[in-house]
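Inspection log for the structure reproduced underneath, given as structure tokens.
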Amino acid sequence: MPEANCVDWLNSKPPGSILYVSFGSLARPERYVICAVAGGLLLSGVNFIWVIRPGMVESGDLPEGFEDGMRERWLVVAWCNQIEVLQNPAIGGHLTHCGWNSVVESIWGCCSDLLSIFRRSYYEQKIGG
């Protein structure tokens, strides 16, 4: 999906209504973590945009019903301009792997009222810790 569609989708949502989920460009979270997060997002009913890089998860691994809400309640993309997404008024929270770039960009790219949720990964322990 082109990045412009990501921004268009965000611009169609109310302010503070979207959770931005990204686990970085280098970190490789375990598949069970991705599946658990997908299940939690599905059950929570929250609207979100999630960056899932190719190869992170197979479509059969995602919970049943996960793809049903795509485009209306959530959007899954392979890549997006993180700073641009974080600055969008529709973003109300950020679930991140606690990597250096994600932490710095969430502070630099956003207002102080953005809720950041950190899920530390072993890969980032020494850097973002």
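Within each chain, counting starts at residue 1; across the structure tokens, chains are named A, B, ... in the order shown, with ligands numbered 1 upward in that order.
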Handout entry: Selection near Val7 of chain A, 10 Å with only C-alpha atoms, sequence-local residues under 6 positions removed, as a list of chain:residue names
Key =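 Contacts, in chain order: A:Cys80, A:Asn81, A:Glu84, A:Val85, A:Asn88, A:Ala90.
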Completion exercise
Computed gap from atom CA of Trp74 of chain A to atom CA of Asn47 of chain A is 5.4 Å
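Across A:Gly45, A:Gly24, A:Gly39, A:Gly92, the tightest approach to Leu10 of chain A is made by A:Gly92 when counting only C-alpha atoms.
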Handout entry: Computed interatomic separation between atom CA of Ile91 of chain A and atom CA of Glu67 of chain A (Å)
Key = 21.1 Å
Exercise for the section: Would you mind listing what lies within 8 Å of segment 13-22 of chain A as a PyMOL selection string, with only C-alpha atoms counted and same-chain residues fewer than 5 positions away left out? Expected result: chain A and resi 46-52+85-86+89-97
